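K.L.:
Enclosed is the structure file start-v3.cif (mmCIF, C-alpha atoms and all ligand atoms).
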data_start
#
loop_
_atom_site.label_atom_id
_atom_site.label_comp_id
_atom_site.auth_asym_id
_atom_site.auth_seq_id
_atom_site.Cartn_x
_atom_site.Cartn_y
_atom_site.Cartn_z
CA MET A 1 70.38 140.44 117.38
CA PRO A 2 70.23 143.92 118.89
CA GLU A 3 67.63 144.31 121.63
CA THR A 4 64.84 146.81 121.13
CA VAL A 5 64.38 150.19 122.81
CA LEU A 6 60.85 151.56 122.65
CA VAL A 7 60.93 155.36 122.48
CA ILE A 8 57.93 157.45 123.53
CA GLY A 9 58.19 161.02 122.20
CA GLY A 10 60.91 160.00 119.72
CA THR A 11 59.79 162.39 116.99
CA GLY A 12 60.03 165.43 119.29
CA ALA A 13 62.83 167.94 119.80
CA GLN A 14 64.04 165.91 122.77
CA GLY A 15 63.39 162.45 121.32
CA VAL A 16 65.12 162.82 117.94
CA PRO A 17 68.67 163.11 119.37
CA VAL A 18 67.92 160.22 121.72
CA VAL A 19 66.84 158.01 118.82
CA LYS A 20 69.93 159.04 116.84
CA ALA A 21 72.28 158.32 119.74
CA LEU A 22 70.69 154.92 120.38
CA ALA A 23 70.77 153.95 116.69
CA SER A 24 74.28 155.25 116.02
CA ASP A 25 76.12 151.91 115.95
CA GLY A 26 73.72 148.98 115.72
CA LYS A 27 73.88 148.05 119.41
CA TYR A 28 70.16 148.76 119.83
CA ALA A 29 67.13 148.45 117.58
CA VAL A 30 64.92 151.48 118.10
CA ARG A 31 61.12 151.45 117.86
CA VAL A 32 59.59 154.93 117.75
CA LEU A 33 55.94 155.29 118.73
CA THR A 34 54.26 158.16 116.89
CA ARG A 35 50.77 159.20 115.90
CA SER A 36 51.85 159.54 112.26
CA ALA A 37 54.42 157.54 110.31
CA SER A 38 54.17 160.07 107.50
CA SER A 39 55.31 163.17 109.42
CA PRO A 40 58.65 164.61 108.22
CA GLU A 41 60.16 163.77 111.62
CA ALA A 42 59.03 160.12 111.48
CA LYS A 43 60.26 159.77 107.90
CA GLU A 44 63.66 161.17 108.79
CA LEU A 45 64.00 158.70 111.65
CA ALA A 46 62.72 155.78 109.55
CA ALA A 47 65.62 156.36 107.16
CA ILE A 48 68.16 155.61 109.93
CA PRO A 49 69.31 151.96 109.93
CA GLY A 50 67.93 150.14 112.98
CA VAL A 51 64.99 152.52 113.50
CA THR A 52 61.41 151.37 112.94
CA ILE A 53 58.30 153.47 113.25
CA PHE A 54 55.31 152.15 115.17
CA GLU A 55 52.15 154.12 114.46
CA GLY A 56 49.70 154.78 117.27
CA ASP A 57 48.79 156.95 120.24
CA SER A 58 51.24 156.79 123.16
CA TYR A 59 48.38 157.58 125.55
CA TYR A 60 46.17 154.63 124.64
CA GLU A 61 46.58 151.31 126.42
CA PRO A 62 45.77 148.94 123.51
CA THR A 63 48.46 150.65 121.41
CA LEU A 64 50.99 150.39 124.20
CA LEU A 65 50.25 146.68 124.71
CA LYS A 66 51.27 146.08 121.10
CA ALA A 67 54.18 148.54 121.08
CA PHE A 68 55.75 146.88 124.15
CA GLU A 69 55.91 143.42 122.54
CA GLY A 70 59.49 142.17 122.23
CA VAL A 71 60.96 145.28 123.87
CA SER A 72 63.89 145.25 126.36
CA TYR A 73 64.30 148.97 127.10
CA LEU A 74 62.06 152.03 127.30
CA PHE A 75 62.85 155.72 126.91
CA ALA A 76 59.77 157.79 127.75
CA ASN A 77 59.33 161.50 127.25
CA THR A 78 55.62 162.03 127.83
CA ASN A 79 54.32 165.33 126.48
CA GLY A 80 52.99 167.31 129.42
CA PHE A 81 52.06 170.20 127.18
CA ALA A 82 49.83 167.92 125.13
CA ILE A 83 48.15 165.96 127.91
CA GLY A 84 48.36 168.09 131.08
CA GLU A 85 49.69 167.31 134.54
CA LYS A 86 47.06 164.78 135.61
CA ALA A 87 47.42 162.59 132.53
CA GLU A 88 51.19 162.95 132.61
CA ILE A 89 51.26 161.48 136.13
CA TYR A 90 48.95 158.66 135.06
CA TRP A 91 50.90 157.73 131.94
CA GLY A 92 54.32 158.04 133.55
CA THR A 93 53.41 155.57 136.27
CA ARG A 94 51.49 153.35 133.85
CA LEU A 95 54.51 153.14 131.54
CA TYR A 96 56.57 151.95 134.51
CA GLU A 97 53.97 149.29 135.31
CA LEU A 98 53.84 148.11 131.69
CA SER A 99 57.63 147.96 131.59
CA ARG A 100 57.59 145.61 134.59
CA GLN A 101 54.69 143.63 133.14
CA PHE A 102 56.61 143.07 129.90
CA GLY A 103 59.84 142.13 131.71
CA LEU A 104 61.93 145.03 130.44
CA LYS A 105 65.56 145.34 131.52
CA HIS A 106 65.80 149.11 131.89
CA PHE A 107 63.27 151.94 132.20
CA LEU A 108 64.52 155.44 131.40
CA TYR A 109 62.23 158.33 132.22
CA ALA A 110 62.69 161.87 130.89
CA GLY A 111 62.14 163.87 134.06
CA LEU A 112 61.82 167.50 135.05
CA GLU A 113 62.19 169.21 138.42
CA TYR A 114 59.41 168.91 141.00
CA ALA A 115 59.19 172.69 141.25
CA SER A 116 56.47 172.86 143.90
CA ARG A 117 58.46 170.72 146.32
CA LEU A 118 61.72 172.54 145.59
CA GLY A 119 59.83 175.74 146.50
CA ASN A 120 58.42 174.33 149.74
CA PHE A 121 54.96 174.16 148.09
CA ASN A 122 54.68 177.93 147.81
CA ALA A 123 52.00 178.48 145.13
CA LYS A 124 54.30 180.80 143.16
CA TYR A 125 56.35 177.82 141.99
CA ARG A 126 53.49 175.57 140.91
CA THR A 127 54.19 174.48 137.32
CA GLY A 128 52.03 171.75 135.80
CA HIS A 129 54.56 170.62 133.24
CA LEU A 130 57.35 170.40 135.84
CA ASP A 131 55.38 169.05 138.79
CA GLY A 132 53.73 166.27 136.77
CA LYS A 133 57.04 164.78 135.72
CA GLY A 134 58.50 165.48 139.18
CA LYS A 135 55.80 163.40 140.83
CA VAL A 136 56.42 160.53 138.41
CA VAL A 137 60.13 160.69 139.27
CA ASP A 138 59.24 160.27 142.96
CA TYR A 139 57.13 157.23 142.10
CA ILE A 140 59.95 155.71 140.05
CA ALA A 141 62.53 156.44 142.76
CA ALA A 142 60.36 154.47 145.20
CA GLN A 143 60.66 151.33 143.03
CA PRO A 144 63.30 148.62 143.47
CA THR A 145 66.29 148.54 141.13
CA GLU A 146 65.70 144.89 140.28
CA PRO A 147 64.57 142.90 138.40
CA MET A 148 64.26 146.00 136.16
CA ALA A 149 66.78 148.83 136.28
CA TRP A 150 65.46 152.38 136.24
CA SER A 151 67.08 155.73 135.56
CA VAL A 152 65.82 159.28 135.28
CA LEU A 153 67.25 161.87 132.90
CA THR A 154 66.15 165.24 134.22
CA SER A 155 66.55 168.06 131.73
CA CYS A 156 65.86 171.77 131.59
CA LEU A 157 65.15 174.33 128.86
CA TYR A 158 66.65 173.35 125.52
CA ILE A 159 69.51 175.62 124.44
CA GLU A 160 67.99 175.38 120.93
CA GLY A 161 65.11 177.44 122.32
CA LEU A 162 67.42 180.45 121.80
CA SER A 163 66.10 180.30 118.24
CA GLU A 164 62.45 179.93 119.26
CA LEU A 165 60.84 180.74 122.63
CA LEU A 166 64.03 182.25 124.07
CA ARG A 167 65.14 184.18 121.02
CA PRO A 168 66.12 187.86 121.06
CA PHE A 169 64.02 190.62 119.50
CA PRO A 170 65.24 193.89 117.94
CA ASN A 171 65.00 196.75 120.42
CA PRO A 172 62.10 198.96 119.15
CA SER A 173 64.02 202.16 120.00
CA ASP A 174 67.32 200.88 118.56
CA PRO A 175 66.75 198.03 116.06
CA GLU A 176 70.50 197.39 115.77
CA THR A 177 70.43 196.03 119.33
CA MET A 178 68.91 192.64 120.09
CA VAL A 179 67.08 192.20 123.38
CA PHE A 180 66.87 188.99 125.38
CA ALA A 181 63.85 189.71 127.61
CA LEU A 182 63.05 187.27 130.42
CA PRO A 183 61.50 187.45 133.90
CA ILE A 184 64.45 185.92 135.70
CA GLY A 185 66.43 188.81 137.23
CA ASN A 186 70.13 188.07 137.64
CA ALA A 187 69.67 184.37 138.29
CA LYS A 188 71.70 181.70 136.58
CA MET A 189 69.70 178.88 135.03
CA PRO A 190 70.68 175.73 133.14
CA LEU A 191 70.12 175.18 129.44
CA ILE A 192 70.78 171.83 127.74
CA TYR A 193 72.19 171.11 124.29
CA LEU A 194 69.94 168.40 122.89
CA GLU A 195 72.63 166.43 121.07
CA ASP A 196 74.40 166.00 124.41
CA TYR A 197 71.06 165.07 125.98
CA GLY A 198 70.88 162.18 123.49
CA SER A 199 74.40 161.08 124.49
CA TYR A 200 73.43 161.06 128.18
CA ALA A 201 70.43 158.84 127.39
CA ARG A 202 72.72 156.45 125.54
CA TRP A 203 75.20 156.44 128.44
CA LEU A 204 72.44 155.59 130.92
CA PHE A 205 71.40 152.52 128.91
CA ASP A 206 75.02 151.48 128.29
CA HIS A 207 76.09 151.70 131.95
CA PRO A 208 73.41 150.10 134.16
CA GLU A 209 76.07 149.37 136.79
CA ARG A 210 76.23 153.13 137.40
CA SER A 211 72.90 154.34 136.10
CA ASN A 212 70.52 151.93 137.82
CA GLY A 213 68.66 154.00 140.43
CA LEU A 214 70.29 157.25 139.23
CA GLU A 215 68.48 160.52 138.66
CA LEU A 216 70.85 162.44 136.38
CA HIS A 217 70.20 166.19 136.15
CA VAL A 218 71.72 167.47 132.94
CA GLY A 219 72.56 170.91 131.63
CA THR A 220 75.16 172.57 129.43
CA GLU A 221 75.80 175.53 131.70
CA ASP A 222 74.09 177.48 134.48
CA VAL A 223 74.07 180.85 132.79
CA ALA A 224 72.90 184.38 133.60
CA TRP A 225 71.03 186.06 130.76
CA ARG A 226 73.34 189.08 130.69
CA ASP A 227 76.06 186.53 129.87
CA VAL A 228 73.92 185.02 127.11
CA ALA A 229 73.61 188.50 125.60
CA ALA A 230 77.37 189.07 125.96
CA ALA A 231 78.14 185.70 124.33
CA PHE A 232 75.80 186.58 121.47
CA THR A 233 77.69 189.84 120.88
CA GLU A 234 81.08 188.09 121.02
CA VAL A 235 80.00 185.40 118.57
CA THR A 236 77.95 187.45 116.10
CA GLY A 237 79.39 190.94 116.49
CA LYS A 238 75.83 192.23 116.95
CA LYS A 239 74.84 194.42 119.88
CA ALA A 240 72.67 192.72 122.48
CA ILE A 241 71.32 193.38 125.95
CA TYR A 242 69.45 191.42 128.55
CA LYS A 243 66.27 193.04 129.84
CA ASP A 244 64.81 191.81 133.12
CA VAL A 245 61.03 192.02 132.74
CA THR A 246 58.07 191.34 135.02
CA LEU A 247 55.91 188.31 134.33
CA ASP A 248 53.15 190.59 132.99
CA GLU A 249 55.60 192.29 130.63
CA TYR A 250 56.94 188.89 129.54
CA PHE A 251 53.48 187.58 128.62
CA SER A 252 52.71 190.76 126.69
CA LEU A 253 55.78 190.31 124.44
CA GLY A 254 53.90 187.96 122.10
CA ILE A 255 56.12 184.96 122.84
CA PHE A 256 52.96 183.00 123.57
CA PRO A 257 50.32 184.19 121.09
CA GLU A 258 47.58 183.18 123.57
CA PRO A 259 49.03 183.26 127.12
CA ASP A 260 45.65 182.35 128.60
CA ALA A 261 45.09 179.33 126.37
CA ILE A 262 44.86 176.01 128.17
CA VAL A 263 47.89 173.70 128.16
CA GLY A 264 47.07 170.00 127.83
CA ARG A 265 44.28 170.17 125.31
CA SER A 266 44.60 166.44 124.54
CA ALA A 267 43.14 165.65 127.96
CA GLY A 268 39.52 166.65 128.33
CA GLY A 269 39.54 169.13 125.44
CA GLY A 270 40.38 172.04 127.70
CA ASN A 271 37.38 171.56 129.98
CA ASP A 272 39.32 169.77 132.68
CA PRO A 273 39.55 172.33 135.54
CA THR A 274 42.90 170.92 136.66
CA LEU A 275 44.61 172.07 133.45
CA PHE A 276 46.80 175.17 133.53
CA THR A 277 47.13 178.05 131.08
CA PHE A 278 50.46 178.99 129.51
CA ARG A 279 50.53 181.99 131.85
CA GLN A 280 50.05 179.83 134.95
CA ASN A 281 52.57 177.24 133.80
CA PHE A 282 55.27 179.67 132.86
CA SER A 283 54.79 181.93 135.88
CA GLY A 284 55.68 179.01 138.15
CA PHE A 285 58.37 177.95 135.73
CA TRP A 286 60.22 181.29 135.66
CA ASN A 287 59.83 181.78 139.42
CA THR A 288 61.49 178.38 139.92
CA TRP A 289 64.55 179.33 137.87
CA LYS A 290 64.64 182.92 139.16
CA ASP A 291 65.02 181.66 142.72
CA GLU A 292 67.69 179.14 141.65
CA LEU A 293 65.95 176.26 143.39
CA THR A 294 68.09 173.58 141.74
CA LYS A 295 71.69 173.13 140.59
CA ARG A 296 73.50 170.71 138.30
CA ASP A 297 76.63 168.70 139.16
CA TYR A 298 78.79 169.72 136.22
CA ALA A 299 81.82 167.75 137.46
CA LEU A 300 79.75 164.57 137.15
CA LEU A 301 78.55 165.59 133.68
CA ASP A 302 82.17 166.24 132.62
CA GLU A 303 83.09 162.76 133.78
CA ILE A 304 80.17 161.09 131.99
CA LEU A 305 80.51 163.06 128.76
CA PRO A 306 83.96 164.66 128.49
CA THR A 307 83.17 165.86 124.97
CA ARG A 308 80.02 167.72 126.06
CA VAL A 309 79.39 171.32 125.00
CA LYS A 310 80.28 173.27 128.14
CA SER A 311 78.89 176.75 127.58
CA VAL A 312 76.25 178.70 125.73
CA LYS A 313 79.00 180.53 123.87
CA GLU A 314 80.58 177.24 122.74
CA TRP A 315 77.18 176.12 121.49
CA MET A 316 76.64 179.40 119.61
CA VAL A 317 79.98 178.94 117.82
CA LYS A 318 79.35 175.26 117.13
CA VAL A 319 75.96 175.75 115.46
CA GLY A 320 76.65 179.16 113.91
CA TYR A 321 73.94 180.81 116.00
CA THR A 322 72.65 184.08 114.55
CA GLY A 323 69.60 184.80 116.73
CA GLU A 324 67.35 184.31 113.71
CA PRO A 325 64.13 182.43 114.49
CA SER A 326 63.91 178.76 113.60
CA SER A 327 61.63 175.94 114.60
CA VAL A 328 62.51 173.66 117.52
CA LEU A 329 59.34 172.04 118.94
CA LYS A 330 57.38 169.63 116.74
CA ASP A 331 54.16 170.43 118.53
CA TYR A 332 54.54 174.14 117.70
CA ARG A 333 55.28 173.32 114.06
CA ASP A 334 52.22 171.07 113.89
CA GLN A 335 49.98 173.79 115.32
CA GLY A 336 51.40 176.54 113.12
CA PHE A 337 52.24 178.28 116.39
CA PHE A 338 55.70 179.25 115.29
CA ALA A 339 54.72 180.36 111.79
CA ASN A 340 51.96 182.52 113.25
CA ASN A 341 54.19 184.11 115.87
CA LYS A 342 55.25 187.31 114.12
CA GLN A 343 57.30 188.84 116.94
N1 LIG A 401 60.82 172.93 125.50
C1 LIG A 401 61.76 172.63 126.38
O1 LIG A 401 62.76 173.38 126.50
C2 LIG A 401 61.63 171.40 127.22
C3 LIG A 401 62.69 171.08 128.04
C4 LIG A 401 62.62 169.93 128.81
C5 LIG A 401 61.50 169.14 128.77
N2 LIG A 401 60.47 169.46 127.95
C6 LIG A 401 59.28 168.58 127.97
O2 LIG A 401 59.26 167.77 126.80
C7 LIG A 401 57.89 167.41 126.51
C8 LIG A 401 57.61 167.71 125.06
O3 LIG A 401 58.55 167.03 124.24
P1 LIG A 401 59.39 167.83 123.16
O4 LIG A 401 60.07 168.95 123.83
O5 LIG A 401 60.22 166.85 122.40
O6 LIG A 401 58.23 168.46 122.25
P2 LIG A 401 57.93 168.45 120.70
O7 LIG A 401 59.17 168.70 119.90
O8 LIG A 401 56.79 169.40 120.51
O9 LIG A 401 57.45 166.96 120.42
C9 LIG A 401 56.23 166.50 120.90
C10 LIG A 401 56.29 164.99 121.03
O10 LIG A 401 55.12 164.53 121.72
C11 LIG A 401 54.51 163.52 120.94
N3 LIG A 401 53.05 163.46 121.14
C12 LIG A 401 52.36 162.37 121.46
N4 LIG A 401 51.06 162.64 121.59
C13 LIG A 401 50.92 163.95 121.34
C14 LIG A 401 49.80 164.81 121.31
N5 LIG A 401 48.56 164.38 121.57
N6 LIG A 401 50.01 166.11 121.02
C15 LIG A 401 51.25 166.56 120.76
N7 LIG A 401 52.36 165.77 120.76
C16 LIG A 401 52.19 164.48 121.05
C17 LIG A 401 54.88 163.86 119.52
O11 LIG A 401 54.76 162.68 118.76
P3 LIG A 401 53.97 162.58 117.37
O12 LIG A 401 53.50 163.96 117.01
O13 LIG A 401 54.97 162.04 116.42
O14 LIG A 401 52.85 161.63 117.68
C18 LIG A 401 56.33 164.29 119.69
O15 LIG A 401 57.17 163.17 119.77
C19 LIG A 401 57.02 168.22 127.46
O16 LIG A 401 56.60 167.37 128.51
C20 LIG A 401 57.96 169.31 127.96
O17 LIG A 401 57.60 169.74 129.26
C21 LIG A 401 60.52 170.56 127.16
#
As structure tokens - that is how I would like this structure written.
P.N.:
Amino acid sequence: MPETVLVIGGTGAQGVPVVKALASDGKYAVRVLTRSASSPEAKELAAIPGVTIFEGDSYYEPTLLKAFEGVSYLFANTNGFAIGEKAEIYWGTRLYELSRQFGLKHFLYAGLEYASRLGNFNAKYRTGHLDGKGKVVDYIAAQPTEPMAWSVLTSCLYIEGLSELLRPFPNPSDPETMVFALPIGNAKMPLIYLEDYGSYARWLFDHPERSNGLELHVGTEDVAWRDVAAAFTEVTGKKAIYKDVTLDEYFSLGIFPEPDAIVGRSAGGGNDPTLFTFRQNFSGFWNTWKDELTKRDYALLDEILPTRVKSVKEWMVKVGYTGEPSSVLKDYRDQGFFANNKQ
């Protein structure tokens, strides 16, 4: 009998490839916790042998007490954009406690960088959706590695975002040229191919002798945006440039239809004064990458996943990238955010 992995966030952009990697060969049974078993994402996963859908709210204790029954492993990607930093810290630590309470073998947390600490607590780096997960990672790292193993899989921007939040726009003065406009100067930053992300999650569960107590920072490549534009031209034959913009210019591009909307509306309905706006979140976020506060160990990633996609250009060729918009984040699809974003 395969043992069960409970997956929190399994219907999301990040969770789907994790569920697929875990369910690829029958070694694990996968239980996906979702608010709706009838969403297209949940239905697609339910059709995979070994995957079952468990309907309920991931941020509600009575649901979790039922969802944890009979489980041996947990993969948790809490949704900081849905619940805000404060609730993300609460639920990340609570999920660890429940995992111990239910006698799980291995706890795998989907982490992000603790940007504030990396930036010596300078306010310019403060990013709710990074710091919340970063604080949970510190809590997890303070726990023993037995009787339950723990691992952290720290990611970065999804490479798939090149078709959504990171996509190029036609240059208004020369529509034949596509413009990648970001407030990141000449810095190199990591992007991660989500199918490989799923393979890393699988590797962490399969290799507790190496992964117990490990915080694995993954990425496909640390890339400068002028090189993303150059790769786009090489692969598609279309002209492209990178434009370094200020944060104010970036937020006026229409990438976020409402830059001053509150992030984390599921916690306190937007009235919680600790919640950030998109502008606040992504100012800290881009400052963190612009100042190159963190680096990946690509030699280690090559060793763990020799078949990994190793560059943005390789990814563009592999998926037939055109620069055309397409949906990546479930939450944005659900809110009509993407469909309403005309830019
Ligand atoms: N965008 C990026 O490049 C990136 C990179 C690294 C990390 N992250 C982090 O990943 C997290 C988001 O996951 P994702 O990228 O997979 O996003 P997504 O595609 O929008 O998926 C959202 C996930 O959150 C779940 N969820 C549970 N309660 C929710 C609620 N009240 N409102 C909205 N969604 C809820 C959804 O499940 P159901 O709808 O099925 O219930 C779904 O599984 C965030 O913490 C973000 O910081 C994002």
K.L.:
I'd like the interatomic distance between atom C4 of ligand LIG 401 (chain A) and CA of Arg202 in chain A, to a tenth of an Å.
P.N.:
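Going from atom C4 of ligand LIG 401 (chain A) over to CA of Arg202 in chain A, I get 17.2 Å.
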K.L.:
Using all atoms listed in the file, which protein or nucleic acid residues come within 12 Å of Ala42 in chain A? Drop anything in the same chain fewer than 3 positions from it, and give the result as a PDB file with C-alpha atoms, keeping the file's coordinate frame.
P.N.:
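What follows is the written file part30.pdb:
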ATOM      1  CA  GLY A   9      58.190 161.020 122.200  1.00  0.00           C
ATOM      2  CA  GLY A  10      60.910 160.000 119.720  1.00  0.00           C
ATOM      3  CA  THR A  11      59.790 162.390 116.990  1.00  0.00           C
ATOM      4  CA  GLY A  12      60.030 165.430 119.290  1.00  0.00           C
ATOM      5  CA  GLY A  15      63.390 162.450 121.320  1.00  0.00           C
ATOM      6  CA  VAL A  16      65.120 162.820 117.940  1.00  0.00           C
ATOM      7  CA  VAL A  19      66.840 158.010 118.820  1.00  0.00           C
ATOM      8  CA  ARG A  31      61.120 151.450 117.860  1.00  0.00           C
ATOM      9  CA  VAL A  32      59.590 154.930 117.750  1.00  0.00           C
ATOM     10  CA  LEU A  33      55.940 155.290 118.730  1.00  0.00           C
ATOM     11  CA  THR A  34      54.260 158.160 116.890  1.00  0.00           C
ATOM     12  CA  ARG A  35      50.770 159.200 115.900  1.00  0.00           C
ATOM     13  CA  SER A  36      51.850 159.540 112.260  1.00  0.00           C
ATOM     14  CA  ALA A  37      54.420 157.540 110.310  1.00  0.00           C
ATOM     15  CA  SER A  38      54.170 160.070 107.500  1.00  0.00           C
ATOM     16  CA  SER A  39      55.310 163.170 109.420  1.00  0.00           C
ATOM     17  CA  LEU A  45      64.000 158.700 111.650  1.00  0.00           C
ATOM     18  CA  ALA A  46      62.720 155.780 109.550  1.00  0.00           C
ATOM     19  CA  ALA A  47      65.620 156.360 107.160  1.00  0.00           C
ATOM     20  CA  ILE A  48      68.160 155.610 109.930  1.00  0.00           C
ATOM     21  CA  VAL A  51      64.990 152.520 113.500  1.00  0.00           C
ATOM     22  CA  THR A  52      61.410 151.370 112.940  1.00  0.00           C
ATOM     23  CA  ILE A  53      58.300 153.470 113.250  1.00  0.00           C
ATOM     24  CA  PHE A  54      55.310 152.150 115.170  1.00  0.00           C
ATOM     25  CA  GLU A  55      52.150 154.120 114.460  1.00  0.00           C
ATOM     26  CA  LYS A 330      57.380 169.630 116.740  1.00  0.00           C
TER      27      LYS A 330
END
K.L.:
Rounded to one decimal in Å, what is the spacing between CA of Asn281 in chain A and CA of Asp227 in chain A?
P.N.:
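Here the two named atoms are 25.6 Å from each other.
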K.L.:
Show me which residues line ligand LIG 401 (chain A), defined as having an atom within 7 Å of a ligand atom where only C-alpha atoms and all ligand atoms count, and present them as an MDAnalysis selection string.
P.N.:
chainID A and resid 8:15 34:36 42 57:59 77:83 112 129:130 155:158 161 266 328:332
K.L.:
Hey, can you spit out that residue selection with C-alpha atoms as a PDB file, keeping the file's coordinate frame?
P.N.:
ATOM      1  CA  ILE A   8      57.930 157.450 123.530  1.00  0.00           C
ATOM      2  CA  GLY A   9      58.190 161.020 122.200  1.00  0.00           C
ATOM      3  CA  GLY A  10      60.910 160.000 119.720  1.00  0.00           C
ATOM      4  CA  THR A  11      59.790 162.390 116.990  1.00  0.00           C
ATOM      5  CA  GLY A  12      60.030 165.430 119.290  1.00  0.00           C
ATOM      6  CA  ALA A  13      62.830 167.940 119.800  1.00  0.00           C
ATOM      7  CA  GLN A  14      64.040 165.910 122.770  1.00  0.00           C
ATOM      8  CA  GLY A  15      63.390 162.450 121.320  1.00  0.00           C
ATOM      9  CA  THR A  34      54.260 158.160 116.890  1.00  0.00           C
ATOM     10  CA  ARG A  35      50.770 159.200 115.900  1.00  0.00           C
ATOM     11  CA  SER A  36      51.850 159.540 112.260  1.00  0.00           C
ATOM     12  CA  ALA A  42      59.030 160.120 111.480  1.00  0.00           C
ATOM     13  CA  ASP A  57      48.790 156.950 120.240  1.00  0.00           C
ATOM     14  CA  SER A  58      51.240 156.790 123.160  1.00  0.00           C
ATOM     15  CA  TYR A  59      48.380 157.580 125.550  1.00  0.00           C
ATOM     16  CA  ASN A  77      59.330 161.500 127.250  1.00  0.00           C
ATOM     17  CA  THR A  78      55.620 162.030 127.830  1.00  0.00           C
ATOM     18  CA  ASN A  79      54.320 165.330 126.480  1.00  0.00           C
ATOM     19  CA  GLY A  80      52.990 167.310 129.420  1.00  0.00           C
ATOM     20  CA  PHE A  81      52.060 170.200 127.180  1.00  0.00           C
ATOM     21  CA  ALA A  82      49.830 167.920 125.130  1.00  0.00           C
ATOM     22  CA  ILE A  83      48.150 165.960 127.910  1.00  0.00           C
ATOM     23  CA  LEU A 112      61.820 167.500 135.050  1.00  0.00           C
ATOM     24  CA  HIS A 129      54.560 170.620 133.240  1.00  0.00           C
ATOM     25  CA  LEU A 130      57.350 170.400 135.840  1.00  0.00           C
ATOM     26  CA  SER A 155      66.550 168.060 131.730  1.00  0.00           C
ATOM     27  CA  CYS A 156      65.860 171.770 131.590  1.00  0.00           C
ATOM     28  CA  LEU A 157      65.150 174.330 128.860  1.00  0.00           C
ATOM     29  CA  TYR A 158      66.650 173.350 125.520  1.00  0.00           C
ATOM     30  CA  GLY A 161      65.110 177.440 122.320  1.00  0.00           C
ATOM     31  CA  SER A 266      44.600 166.440 124.540  1.00  0.00           C
ATOM     32  CA  VAL A 328      62.510 173.660 117.520  1.00  0.00           C
ATOM     33  CA  LEU A 329      59.340 172.040 118.940  1.00  0.00           C
ATOM     34  CA  LYS A 330      57.380 169.630 116.740  1.00  0.00           C
ATOM     35  CA  ASP A 331      54.160 170.430 118.530  1.00  0.00           C
ATOM     36  CA  TYR A 332      54.540 174.140 117.700  1.00  0.00           C
TER      37      TYR A 332
END
K.L.:
Ranking A:Gly185, A:Gly198, A:Gly254, A:Gly103 by minimum distance to Pro147 in chain A and counting only C-alpha atoms, which one comes first?
P.N.:
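Smallest distance to Pro147 in chain A is found for A:Gly103.
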K.L.:
Find, counting all atoms listed in the file, the residue in A:Glu69, A:Asp272, A:Glu3, A:Glu85 that gets nearest to Lys105 in chain A.
P.N.:
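For Lys105 in chain A, the nearest of the given residues is A:Glu3.
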